[in-house]
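Just target.txt here, compact mmCIF, C-alpha atoms and all ligand atoms:
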```
# COMPACT_ATOMS: atom_id res chain seq x y z
CA VAL K 192 -108.74 -23.23 40.83
CA LYS K 193 -109.87 -21.43 37.69
CA THR K 194 -107.84 -21.71 34.51
CA VAL K 195 -107.76 -19.14 31.73
CA THR K 196 -105.93 -19.93 28.52
CA VAL K 197 -104.11 -17.32 26.49
CA GLY K 198 -104.59 -18.75 23.02
CA LEU K 199 -101.62 -17.94 20.81
CA ASP K 200 -101.29 -21.17 18.80
CA ALA K 201 -98.05 -22.92 19.67
CA ARG K 202 -97.29 -20.28 22.29
CA SER K 203 -100.58 -20.69 24.16
CA TYR K 204 -100.34 -20.92 27.93
CA PRO K 205 -102.52 -21.38 30.99
CA ILE K 206 -103.11 -18.93 33.81
CA HIS K 207 -104.16 -20.77 36.94
CA VAL K 208 -105.91 -18.66 39.57
CA GLY K 209 -106.83 -19.84 43.06
CA ARG K 210 -105.66 -20.83 46.51
CA GLU K 211 -102.58 -22.86 47.49
CA LEU K 212 -100.92 -22.71 44.09
CA LEU K 213 -97.50 -21.58 45.30
CA PRO K 214 -96.90 -24.73 47.39
CA ARG K 215 -97.75 -26.77 44.28
CA ALA K 216 -95.75 -24.70 41.80
CA GLY K 217 -93.24 -27.51 41.23
CA GLU K 218 -95.99 -29.84 40.00
CA TYR K 219 -97.41 -27.22 37.65
CA LEU K 220 -93.99 -26.37 36.27
CA ALA K 221 -93.06 -30.01 35.73
CA GLN K 222 -96.38 -30.56 34.00
CA ALA K 223 -95.62 -27.61 31.71
CA GLY K 224 -92.35 -29.25 30.70
CA CYS K 225 -89.88 -27.68 33.10
CA ARG K 226 -86.91 -29.93 33.90
CA GLY K 227 -83.53 -29.63 35.58
CA ARG K 228 -82.21 -26.25 36.57
CA VAL K 229 -84.53 -23.32 37.29
CA ALA K 230 -83.60 -19.75 38.18
CA VAL K 231 -86.09 -18.08 40.51
CA VAL K 232 -85.88 -14.31 40.18
CA THR K 233 -87.34 -12.46 43.14
CA ASN K 234 -86.67 -9.61 45.57
CA PRO K 235 -85.82 -9.69 49.31
CA THR K 236 -89.35 -8.71 50.44
CA VAL K 237 -91.07 -11.48 48.50
CA ALA K 238 -88.25 -13.97 49.09
CA ALA K 239 -88.61 -13.65 52.86
CA LEU K 240 -92.32 -14.44 52.60
CA TYR K 241 -92.56 -17.02 49.83
CA LEU K 242 -89.23 -18.34 48.59
CA PRO K 243 -88.96 -21.16 51.17
CA ALA K 244 -92.36 -22.60 50.16
CA LEU K 245 -91.56 -22.27 46.46
CA ALA K 246 -88.08 -23.77 46.83
CA ARG K 247 -89.54 -26.73 48.73
CA SER K 248 -92.13 -27.34 46.05
CA LEU K 249 -89.58 -27.11 43.23
CA SER K 250 -87.24 -29.52 44.95
CA GLU K 251 -90.07 -31.98 45.62
CA ALA K 252 -90.78 -31.91 41.88
CA GLY K 253 -87.15 -32.80 41.21
CA LEU K 254 -86.17 -29.33 39.98
CA ASP K 255 -82.81 -27.77 40.82
CA ALA K 256 -83.69 -24.21 41.89
CA ARG K 257 -81.21 -21.32 42.06
CA GLU K 258 -82.17 -17.96 43.56
CA VAL K 259 -81.52 -14.70 41.77
CA VAL K 260 -82.40 -11.83 44.09
CA ILE K 261 -82.76 -8.28 42.81
CA PRO K 262 -83.33 -5.20 44.97
CA ASP K 263 -86.94 -4.18 45.68
CA GLY K 264 -88.31 -1.14 43.85
CA GLU K 265 -89.18 0.32 40.46
CA GLU K 266 -85.92 2.30 40.52
CA HIS K 267 -84.08 -1.02 40.12
CA LYS K 268 -85.99 -2.09 37.02
CA ASN K 269 -83.08 -1.05 34.82
CA LEU K 270 -80.21 -2.28 32.67
CA ARG K 271 -77.83 -2.34 35.61
CA THR K 272 -79.96 -4.80 37.55
CA LEU K 273 -80.53 -6.77 34.35
CA GLY K 274 -76.76 -7.04 33.90
CA ALA K 275 -76.42 -8.41 37.42
CA VAL K 276 -79.18 -10.93 36.68
CA TYR K 277 -77.35 -12.17 33.54
CA ASP K 278 -74.18 -12.57 35.65
CA GLN K 279 -76.06 -14.71 38.15
CA LEU K 280 -77.76 -16.78 35.44
CA ILE K 281 -74.36 -17.57 33.97
CA ARG K 282 -72.92 -18.37 37.39
CA ALA K 283 -75.90 -20.64 38.10
CA GLY K 284 -75.09 -22.56 34.92
CA LEU K 285 -78.43 -21.95 33.23
CA GLU K 286 -78.73 -23.64 29.85
CA ARG K 287 -80.94 -23.24 26.79
CA GLY K 288 -83.40 -25.78 28.18
CA SER K 289 -83.56 -24.19 31.64
CA TRP K 290 -86.44 -22.09 32.90
CA ILE K 291 -86.66 -18.72 34.61
CA VAL K 292 -89.42 -18.26 37.17
CA ALA K 293 -90.44 -14.74 38.22
CA LEU K 294 -91.69 -14.62 41.83
CA GLY K 295 -92.91 -11.12 42.71
CA GLY K 296 -94.81 -8.09 41.52
CA GLY K 297 -94.67 -6.40 38.14
CA VAL K 298 -91.15 -5.12 38.64
CA VAL K 299 -89.73 -8.63 39.10
CA GLY K 300 -91.98 -10.03 36.34
CA ASP K 301 -91.07 -7.39 33.75
CA LEU K 302 -87.34 -7.66 34.42
CA ALA K 303 -87.20 -11.45 34.72
CA GLY K 304 -89.32 -11.73 31.58
CA PHE K 305 -86.94 -9.55 29.60
CA ALA K 306 -84.00 -11.54 30.95
CA ALA K 307 -85.75 -14.73 29.79
CA ALA K 308 -86.46 -13.22 26.36
CA THR K 309 -82.82 -12.35 25.82
CA PHE K 310 -80.64 -14.77 27.79
CA LEU K 311 -79.21 -17.39 25.42
CA ARG K 312 -81.60 -15.89 22.82
CA GLY K 313 -84.56 -16.91 24.94
CA VAL K 314 -85.24 -19.45 27.67
CA ALA K 315 -88.64 -20.64 28.89
CA PHE K 316 -90.24 -18.57 31.57
CA ALA K 317 -93.05 -18.74 34.12
CA GLN K 318 -94.72 -16.04 36.15
CA ILE K 319 -95.77 -16.36 39.78
CA PRO K 320 -97.21 -12.88 40.32
CA THR K 321 -97.58 -11.82 43.94
CA THR K 322 -99.33 -8.43 43.69
CA LEU K 323 -102.89 -7.90 42.53
CA LEU K 324 -101.62 -5.65 39.74
CA ALA K 325 -99.24 -8.33 38.52
CA GLN K 326 -101.92 -11.07 38.75
CA VAL K 327 -104.48 -9.20 36.67
CA ASP K 328 -102.19 -7.28 34.35
CA ALA K 329 -98.39 -7.39 34.33
CA SER K 330 -97.96 -11.19 34.30
CA VAL K 331 -100.38 -11.70 31.40
CA GLY K 332 -99.77 -10.79 27.79
CA GLY K 333 -96.03 -11.00 27.31
CA LYS K 334 -94.89 -7.41 27.61
CA THR K 335 -91.49 -7.44 29.29
CA ALA K 336 -89.21 -4.46 29.82
CA VAL K 337 -86.79 -2.44 31.86
CA ASN K 338 -86.73 1.34 32.24
CA HIS K 339 -84.23 3.76 30.74
CA ARG K 340 -83.26 7.14 32.17
CA ALA K 341 -85.25 8.67 29.32
CA GLY K 342 -88.47 6.85 30.19
CA LYS K 343 -90.31 3.84 31.55
CA ASN K 344 -90.27 0.48 29.78
CA LEU K 345 -88.26 1.82 26.83
CA ILE K 346 -86.19 -1.36 26.48
CA GLY K 347 -88.16 -4.55 26.21
CA ALA K 348 -89.63 -7.36 24.19
CA PHE K 349 -92.87 -9.17 23.61
CA TYR K 350 -92.18 -12.56 25.15
CA GLN K 351 -94.92 -14.81 26.45
CA PRO K 352 -94.54 -16.95 29.56
CA ARG K 353 -95.27 -20.69 29.41
CA LEU K 354 -97.32 -20.63 32.60
CA VAL K 355 -98.80 -18.14 35.06
CA LEU K 356 -99.70 -19.12 38.63
CA ALA K 357 -101.79 -16.50 40.44
CA ASP K 358 -102.09 -17.69 44.03
CA VAL K 359 -104.66 -15.51 45.81
CA ASP K 360 -103.32 -16.50 49.23
CA VAL K 361 -100.19 -14.40 48.74
CA LEU K 362 -102.29 -11.23 48.44
CA ARG K 363 -102.90 -11.33 52.20
CA THR K 364 -99.43 -9.97 52.94
CA LEU K 365 -99.64 -7.25 50.33
CA PRO K 366 -99.76 -3.73 51.82
CA ARG K 367 -103.34 -2.44 51.64
CA ARG K 368 -102.35 0.50 49.45
CA GLU K 369 -100.81 -1.86 46.86
CA PHE K 370 -103.89 -4.07 46.88
CA VAL K 371 -106.25 -1.14 46.34
CA ALA K 372 -104.06 0.20 43.54
CA GLY K 373 -104.37 -3.16 41.78
CA LEU K 374 -108.15 -2.89 41.94
CA SER K 375 -108.07 0.04 39.53
CA GLU K 376 -106.95 -2.27 36.70
CA VAL K 377 -109.78 -4.66 37.59
CA ILE K 378 -112.26 -1.78 37.47
CA LYS K 379 -110.76 -0.80 34.11
CA TYR K 380 -111.49 -4.27 32.67
CA GLY K 381 -115.11 -3.96 33.74
CA ILE K 382 -115.45 -0.53 32.13
CA ILE K 383 -113.84 -1.45 28.82
CA GLU K 384 -115.13 -4.97 28.22
CA ASP K 385 -117.45 -6.44 30.78
CA ALA K 386 -120.50 -4.77 32.30
CA GLU K 387 -121.13 -7.93 34.31
CA LEU K 388 -117.70 -7.78 35.94
CA PHE K 389 -118.36 -4.13 36.72
CA ARG K 390 -121.64 -5.07 38.41
CA ALA K 391 -119.92 -7.87 40.33
CA LEU K 392 -117.40 -5.33 41.59
CA GLU K 393 -120.18 -3.01 42.71
CA ASN K 394 -121.74 -5.89 44.65
CA ASP K 395 -118.64 -7.62 45.96
CA LEU K 396 -116.20 -4.85 46.68
CA GLY K 397 -116.56 -5.34 50.43
CA ALA K 398 -115.77 -9.05 50.11
CA LEU K 399 -112.76 -8.29 47.91
CA LEU K 400 -111.41 -5.75 50.36
CA ALA K 401 -111.92 -8.36 53.09
CA MET K 402 -109.79 -10.77 50.98
CA ASN K 403 -112.53 -13.30 50.32
CA SER K 404 -110.61 -15.96 48.36
CA GLU K 405 -113.52 -17.14 46.28
CA ARG K 406 -114.49 -13.65 45.12
CA LEU K 407 -110.86 -12.77 44.51
CA THR K 408 -110.38 -15.88 42.39
CA ALA K 409 -113.47 -15.06 40.34
CA VAL K 410 -112.55 -11.44 39.74
CA ILE K 411 -108.88 -12.13 38.97
CA ALA K 412 -109.80 -14.91 36.55
CA ALA K 413 -112.38 -12.65 34.85
CA SER K 414 -109.75 -9.92 34.50
CA CYS K 415 -107.18 -12.34 33.05
CA ALA K 416 -109.80 -13.67 30.61
CA ILE K 417 -110.40 -10.15 29.30
CA LYS K 418 -106.72 -9.40 28.95
CA ALA K 419 -106.18 -12.79 27.30
CA LYS K 420 -108.92 -12.10 24.76
CA VAL K 421 -107.47 -8.70 23.89
CA VAL K 422 -103.92 -10.07 23.62
CA GLU K 423 -105.11 -12.94 21.43
CA SER K 424 -106.65 -10.48 18.99
CA ASP K 425 -103.64 -8.13 18.86
CA GLU K 426 -100.56 -9.48 20.63
CA ARG K 427 -98.15 -6.71 19.62
CA GLU K 428 -100.44 -3.74 20.13
CA GLU K 429 -100.76 -2.86 16.50
CA ASP K 430 -104.34 -1.90 17.01
CA TYR K 431 -106.98 -3.14 19.45
CA ARG K 432 -104.65 -3.97 22.38
CA ALA K 433 -104.48 -0.20 22.91
CA VAL K 434 -107.93 -0.51 24.51
CA LEU K 435 -106.07 -1.65 27.63
CA ASN K 436 -104.68 1.87 27.85
CA PHE K 437 -108.04 3.18 29.04
CA GLY K 438 -107.21 5.59 31.86
CA HIS K 439 -103.51 5.28 31.15
CA THR K 440 -102.88 8.34 28.95
CA VAL K 441 -103.66 10.71 31.80
CA GLY K 442 -102.42 8.16 34.36
CA HIS K 443 -98.96 7.89 32.79
CA ALA K 444 -98.73 11.67 32.44
CA LEU K 445 -99.56 12.06 36.13
CA GLU K 446 -96.94 9.51 37.13
CA ALA K 447 -94.31 11.18 34.94
CA ALA K 448 -95.25 14.70 36.10
CA THR K 449 -94.72 13.61 39.70
CA ALA K 450 -91.47 11.74 38.99
CA TYR K 451 -93.10 8.36 39.79
CA ARG K 452 -92.98 9.19 43.51
CA ARG K 453 -96.38 10.46 44.46
CA PHE K 454 -98.77 7.87 43.06
CA LEU K 455 -98.71 4.14 42.74
CA HIS K 456 -99.40 3.16 39.13
CA GLY K 457 -102.93 2.01 39.94
CA GLU K 458 -103.71 5.25 41.77
CA ALA K 459 -102.65 7.33 38.78
CA VAL K 460 -104.69 5.02 36.55
CA ALA K 461 -107.75 5.52 38.77
CA ILE K 462 -107.48 9.29 38.26
CA GLY K 463 -106.98 8.59 34.55
CA ILE K 464 -110.09 6.38 34.47
CA ALA K 465 -112.16 9.16 36.03
CA ALA K 466 -110.67 11.65 33.54
CA ALA K 467 -111.30 9.45 30.50
CA SER K 468 -114.84 8.78 31.71
CA ARG K 469 -115.49 12.49 32.18
CA ILE K 470 -114.28 13.17 28.63
CA SER K 471 -116.50 10.33 27.43
CA VAL K 472 -119.50 12.14 28.94
CA GLU K 473 -118.43 15.36 27.21
CA GLU K 474 -118.16 13.53 23.90
CA ASN K 475 -121.71 12.25 24.41
CA LEU K 476 -120.62 8.63 24.60
CA LEU K 477 -121.27 7.92 28.26
CA ALA K 478 -124.40 8.69 30.27
CA GLU K 479 -124.07 10.78 33.43
CA THR K 480 -125.61 7.94 35.45
CA GLU K 481 -122.93 5.48 34.33
CA PHE K 482 -120.22 8.06 34.95
CA ALA K 483 -121.59 8.39 38.50
CA ARG K 484 -121.37 4.60 38.95
CA ILE K 485 -117.72 4.66 37.87
CA LEU K 486 -116.88 7.47 40.31
CA GLU K 487 -118.75 5.70 43.09
CA LEU K 488 -116.91 2.43 42.54
CA LEU K 489 -113.52 4.18 42.54
CA ALA K 490 -114.46 5.97 45.75
CA LYS K 491 -115.73 2.80 47.41
CA ALA K 492 -112.46 1.08 46.58
CA GLY K 493 -110.58 3.95 48.21
CA LEU K 494 -109.01 5.11 44.96
CA PRO K 495 -108.43 8.76 44.02
CA ALA K 496 -110.43 10.21 41.13
CA THR K 497 -109.41 13.84 40.79
CA ILE K 498 -106.23 15.48 39.58
CA PRO K 499 -104.77 17.26 42.61
CA ALA K 500 -104.97 21.05 42.23
CA ASP K 501 -101.22 21.54 42.71
CA ILE K 502 -100.37 19.55 39.59
CA ASP K 503 -99.38 21.80 36.74
CA ARG K 504 -101.74 21.17 33.79
CA ASP K 505 -99.11 22.31 31.26
CA LYS K 506 -96.73 19.73 32.59
CA LEU K 507 -99.39 17.06 32.10
CA VAL K 508 -99.81 18.20 28.49
CA ARG K 509 -96.06 17.99 27.88
CA LYS K 510 -95.94 14.51 29.37
CA MET K 511 -98.82 13.36 27.16
CA GLU K 512 -97.04 14.81 24.12
CA VAL K 513 -93.90 12.77 24.73
CA ASP K 514 -95.85 9.59 25.57
CA LYS K 515 -94.29 6.81 23.51
CA LYS K 516 -97.74 6.02 22.16
CA ALA K 517 -98.31 9.52 20.71
CA THR K 518 -98.13 9.99 16.92
CA GLY K 519 -98.17 13.22 14.95
CA GLY K 520 -98.97 15.27 18.05
CA LYS K 521 -102.11 13.29 18.83
CA VAL K 522 -102.82 10.42 21.14
CA ARG K 523 -105.23 7.62 20.44
CA PHE K 524 -107.40 8.21 23.44
CA VAL K 525 -109.62 5.41 24.71
CA LEU K 526 -113.12 6.51 25.64
CA CYS K 527 -115.94 4.64 27.30
CA ALA K 528 -119.08 4.27 25.20
CA GLY K 529 -121.22 2.90 28.02
CA ILE K 530 -119.91 0.52 30.67
CA GLY K 531 -118.43 -2.49 28.89
CA ARG K 532 -117.76 -0.69 25.58
CA THR K 533 -115.09 1.59 24.20
CA ARG K 534 -114.35 3.95 21.33
CA PHE K 535 -111.03 5.38 20.15
CA HIS K 536 -110.67 9.10 19.40
CA TRP K 537 -107.51 10.85 18.22
CA LEU K 538 -107.10 13.81 20.55
CA GLU K 539 -104.47 16.47 21.06
CA PRO K 540 -103.00 16.48 24.57
CA ARG K 541 -103.92 20.15 24.92
CA ALA K 542 -107.54 19.37 24.11
CA ILE K 543 -107.53 16.57 26.67
CA ALA K 544 -106.16 18.90 29.33
CA ALA K 545 -108.67 21.60 28.42
CA LYS K 546 -111.53 19.17 28.92
CA LEU K 547 -110.12 18.37 32.35
CA LYS K 548 -109.72 21.96 33.43
CA ASP K 549 -112.29 21.69 36.18
CA ALA K 550 -111.67 18.02 36.94
N1 LIG Z 1 -95.84 -6.08 31.54
C1 LIG Z 1 -97.00 -5.49 31.66
O1 LIG Z 1 -97.92 -5.71 30.86
C2 LIG Z 1 -97.22 -4.55 32.79
C3 LIG Z 1 -98.51 -4.09 33.08
C4 LIG Z 1 -98.69 -3.27 34.20
C5 LIG Z 1 -97.60 -2.90 34.97
N2 LIG Z 1 -96.36 -3.36 34.64
C6 LIG Z 1 -95.20 -3.00 35.46
O2 LIG Z 1 -95.39 -3.52 36.76
C7 LIG Z 1 -94.64 -2.74 37.68
C8 LIG Z 1 -95.48 -2.48 38.91
O3 LIG Z 1 -95.83 -3.73 39.48
P1 LIG Z 1 -96.40 -3.85 40.96
O4 LIG Z 1 -97.48 -2.89 41.15
O5 LIG Z 1 -96.65 -5.28 41.18
O6 LIG Z 1 -95.20 -3.30 41.86
P2 LIG Z 1 -93.93 -4.01 42.53
O7 LIG Z 1 -93.47 -5.15 41.74
O8 LIG Z 1 -92.96 -2.93 42.82
O9 LIG Z 1 -94.55 -4.55 43.91
C9 LIG Z 1 -95.03 -3.63 44.86
C10 LIG Z 1 -94.43 -3.86 46.24
O10 LIG Z 1 -95.07 -4.98 46.85
C11 LIG Z 1 -94.10 -5.92 47.32
N3 LIG Z 1 -94.73 -7.22 47.24
C12 LIG Z 1 -94.96 -7.96 46.15
N4 LIG Z 1 -95.71 -9.02 46.44
C13 LIG Z 1 -95.95 -8.98 47.77
C14 LIG Z 1 -96.69 -9.80 48.66
N5 LIG Z 1 -97.38 -10.84 48.24
N6 LIG Z 1 -96.70 -9.46 49.97
C15 LIG Z 1 -96.06 -8.35 50.40
N7 LIG Z 1 -95.37 -7.52 49.60
C16 LIG Z 1 -95.32 -7.83 48.30
C17 LIG Z 1 -92.93 -5.71 46.40
O11 LIG Z 1 -91.74 -6.17 46.97
C18 LIG Z 1 -92.96 -4.18 46.23
O12 LIG Z 1 -92.34 -3.55 47.30
C19 LIG Z 1 -94.21 -1.50 36.94
O13 LIG Z 1 -92.85 -1.59 36.67
C20 LIG Z 1 -95.02 -1.53 35.65
O14 LIG Z 1 -94.32 -0.95 34.58
C21 LIG Z 1 -96.16 -4.18 33.58
```

Just dump the structure as structure tokens.
Ligand SMILES: NC(=O)c1ccc[n+]([C@@H]2O[C@H](COP(=O)([O-])OP(=O)(O)OC[C@H]3O[C@@H](n4cnc5c(N)ncnc54)[C@H](O)[C@@H]3O)[C@@H](O)[C@H]2O)c1
Amino acid sequence: VKTVTVGLDARSYPIHVGRELLPRAGEYLAQAGCRGRVAVVTNPTVAALYLPALARSLSEAGLDAREVVIPDGEEHKNLRTLGAVYDQLIRAGLERGSWIVALGGGVVGDLAGFAAATFLRGVAFAQIPTTLLAQVDASVGGKTAVNHRAGKNLIGAFYQPRLVLADVDVLRTLPRREFVAGLSEVIKYGIIEDAELFRALENDLGALLAMNSERLTAVIAASCAIKAKVVESDEREEDYRAVLNFGHTVGHALEAATAYRRFLHGEAVAIGIAAASRISVEENLLAETEFARILELLAKAGLPATIPADIDRDKLVRKMEVDKKATGGKVRFVLCAGIGRTRFHWLEPRAIAAKLKDA
């Protein structure tokens, strides 16, 4: 088991990564100070696979677990589901000192985290992420949210968990497409912060795709360490945390332009990574040879890297313009200045699209 600490003074917390963590979750929670009643928020897919083991472990640790099941799917990450969760938390008799545990992917984690941030003005919360994306990204850093009709993640809070348990064993049941999509965030960490991680990915991709637990543990822990470092330096994304948006400006626009139906988040991000890298070459920040390595790694992982021809470029521009991170008509675009380094440039969405004309 590898442990990464997110250092935020009194709100610091550990992320444990490794095998067989879920069956020992009760111990870890008790050690972190969890007592009495615990609400486990999950969905039917994950509950069928992992709730019995978690419930057993919680009960062995003397915790009184109550299940709160929400429907599976991004379309349920909304205020309506949140309302139903509050109802169940009240019915379960949760108190100020009780904990909420999120068991699932990013959808469960984001919604359960926001419930924890707001219920009784905040109760303690732990993440047990079960997708690769959630283990390397969504469960770390304290962004919690639900979607609004007008856009994704518009209603939320910064609220850090007390504990994250990333059990690599649970990734074995994850659909292949979901696993591969999660790899794009791992590749992103290598490109923005860690040339060594990038090289490890080039060498070990086969082992990762074959679910080698040791390599998975190493790569997930390295990813969490990078996110932790960035979050420690700028928890509320006032400045440097925006580096994590590498590949996401175009990625988000692609997701929005296709009504969140065509691409998984990680797939859209992979196309965004290729786009941002291409622009980095054009801006003379990134060498062609390194750009080629990025494209090759995306391809080896089985991720897409080009914007499909049928996607309307004007629509992409409009989506980038209304991005909640845009200011004064420009977006703070993250570029790669050599693998492992970044640079921010303020760019107009139209200029970004123009640079991608032949992409
Ligand atoms: N808070 C953050 O910082 C942050 C960062 C990135 C993404 N997100 C959010 O995360 C969400 C996407 O998360 P996701 O990609 O994990 O999707 P998800 O939560 O929808 O999970 C994907 C699918 O996999 C299933 N699943 C989960 N674990 C499984 C397992 N071990 N075995 C089999 N099936 C399993 C789920 O039921 C679901 O059907 C989005 O809502 C996004 O906004 C948040």

6 Å shell around ligand LIG 1 (chain Z) using all atoms listed in the file, listed as a VMD selection string: chain K and resid 236 to 237 263 to 265 295 to 299 301 321 to 322 324 to 325 328 to 329 334 to 335 361 to 362 364 to 365

Let me have the centre and edge lengths of the axis-aligned box enclosing all listed atoms of segment 209-221 of chain K with 6 Å padding on every side, in Å to one decimal, as JSON.
```
{"center_x": -99.9, "center_y": -24.9, "center_z": 41.6, "size_x": 25.8, "size_y": 22.2, "size_z": 23.8}
```

Segment 476-479 of chain K environment, 9 Å, all atoms listed in the file, sequence neighbours closer than 3 positions dropped, as a list in words: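 Contacts, in chain order: Ser468, Arg469, Ile470, Ser471, Val472, Glu473, Phe482, Ala483, Arg484, Leu526, Cys527, Ala528, Gly529, Ile530, Thr533 and Arg534 of chain K.
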
Contacts of Tyr431 of chain K within 12 Å, all atoms listed in the file, excl. fewer than 3 positions in-chain, as a list of chain:residue names: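 Answer for this query is K:Ile383, K:Lys418, K:Lys420, K:Val421, K:Val422, K:Glu423, K:Ser424, K:Asp425, K:Glu426, K:Arg427, K:Glu428, K:Val434, K:Leu435, K:Asn436, K:Phe437, K:Arg523, K:Val525, K:Thr533, K:Arg534, K:Phe535.
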
Which of K:Gly304, K:Glu458, K:Ala201, K:His267 sits closest to Leu445 of chain K [using all atoms listed in the file]: K:Glu458

Residue with smallest distance to Leu323 of chain K - pool K:Ala398, K:Leu388, K:Cys415, K:Leu240, counting all atoms listed in the file: K:Cys415

Atom-to-atom span, atom CA of Gly253 of chain K and atom CA of Ala308 of chain K, Å: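 Result for atom CA of Gly253 of chain K versus atom CA of Ala308 of chain K: 24.6 Å, one decimal.
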
Segment 392-398 of chain K rebuilt with all heavy atoms, output as a JSON list (two decimals), in the frame of the given file:
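That gives us selection-v1.json:
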```json
[["chain", "number", "residue", "atom", "x", "y", "z"],
["K", 392, "LEU", "N", -118.26, -6.16, 40.73],
["K", 392, "LEU", "CA", -117.40, -5.33, 41.59],
["K", 392, "LEU", "C", -118.25, -4.43, 42.48],
["K", 392, "LEU", "O", -117.96, -4.26, 43.67],
["K", 392, "LEU", "CB", -116.44, -4.48, 40.74],
["K", 392, "LEU", "CG", -115.37, -5.27, 39.98],
["K", 392, "LEU", "CD1", -114.64, -4.37, 39.00],
["K", 392, "LEU", "CD2", -114.38, -5.89, 40.96],
["K", 393, "GLU", "N", -119.29, -3.86, 41.91],
["K", 393, "GLU", "CA", -120.18, -3.01, 42.71],
["K", 393, "GLU", "C", -120.77, -3.80, 43.88],
["K", 393, "GLU", "O", -120.87, -3.31, 44.98],
["K", 393, "GLU", "CB", -121.31, -2.44, 41.84],
["K", 393, "GLU", "CG", -120.83, -1.43, 40.83],
["K", 393, "GLU", "CD", -121.96, -0.90, 39.94],
["K", 393, "GLU", "OE1", -122.76, -1.70, 39.43],
["K", 393, "GLU", "OE2", -122.02, 0.32, 39.73],
["K", 394, "ASN", "N", -121.12, -5.06, 43.61],
["K", 394, "ASN", "CA", -121.74, -5.89, 44.65],
["K", 394, "ASN", "C", -120.73, -6.47, 45.64],
["K", 394, "ASN", "O", -121.04, -6.63, 46.81],
["K", 394, "ASN", "CB", -122.50, -7.07, 44.01],
["K", 394, "ASN", "CG", -123.70, -6.57, 43.23],
["K", 394, "ASN", "OD1", -124.26, -5.52, 43.56],
["K", 394, "ASN", "ND2", -124.08, -7.30, 42.20],
["K", 395, "ASP", "N", -119.57, -6.82, 45.15],
["K", 395, "ASP", "CA", -118.64, -7.62, 45.96],
["K", 395, "ASP", "C", -117.43, -6.86, 46.48],
["K", 395, "ASP", "O", -116.51, -7.47, 47.02],
["K", 395, "ASP", "CB", -118.09, -8.79, 45.12],
["K", 395, "ASP", "CG", -119.17, -9.81, 44.82],
["K", 395, "ASP", "OD1", -120.25, -9.71, 45.43],
["K", 395, "ASP", "OD2", -118.94, -10.68, 43.97],
["K", 396, "LEU", "N", -117.41, -5.57, 46.31],
["K", 396, "LEU", "CA", -116.20, -4.85, 46.68],
["K", 396, "LEU", "C", -115.81, -5.08, 48.14],
["K", 396, "LEU", "O", -114.64, -5.27, 48.46],
["K", 396, "LEU", "CB", -116.37, -3.35, 46.40],
["K", 396, "LEU", "CG", -115.04, -2.61, 46.36],
["K", 396, "LEU", "CD1", -114.21, -3.06, 45.18],
["K", 396, "LEU", "CD2", -115.27, -1.11, 46.27],
["K", 397, "GLY", "N", -116.82, -5.11, 49.01],
["K", 397, "GLY", "CA", -116.56, -5.34, 50.43],
["K", 397, "GLY", "C", -115.86, -6.68, 50.64],
["K", 397, "GLY", "O", -114.87, -6.77, 51.37],
["K", 398, "ALA", "N", -116.36, -7.71, 49.97],
["K", 398, "ALA", "CA", -115.77, -9.05, 50.11],
["K", 398, "ALA", "C", -114.34, -9.07, 49.56],
["K", 398, "ALA", "O", -113.45, -9.72, 50.11],
["K", 398, "ALA", "CB", -116.63, -10.08, 49.38]]
```
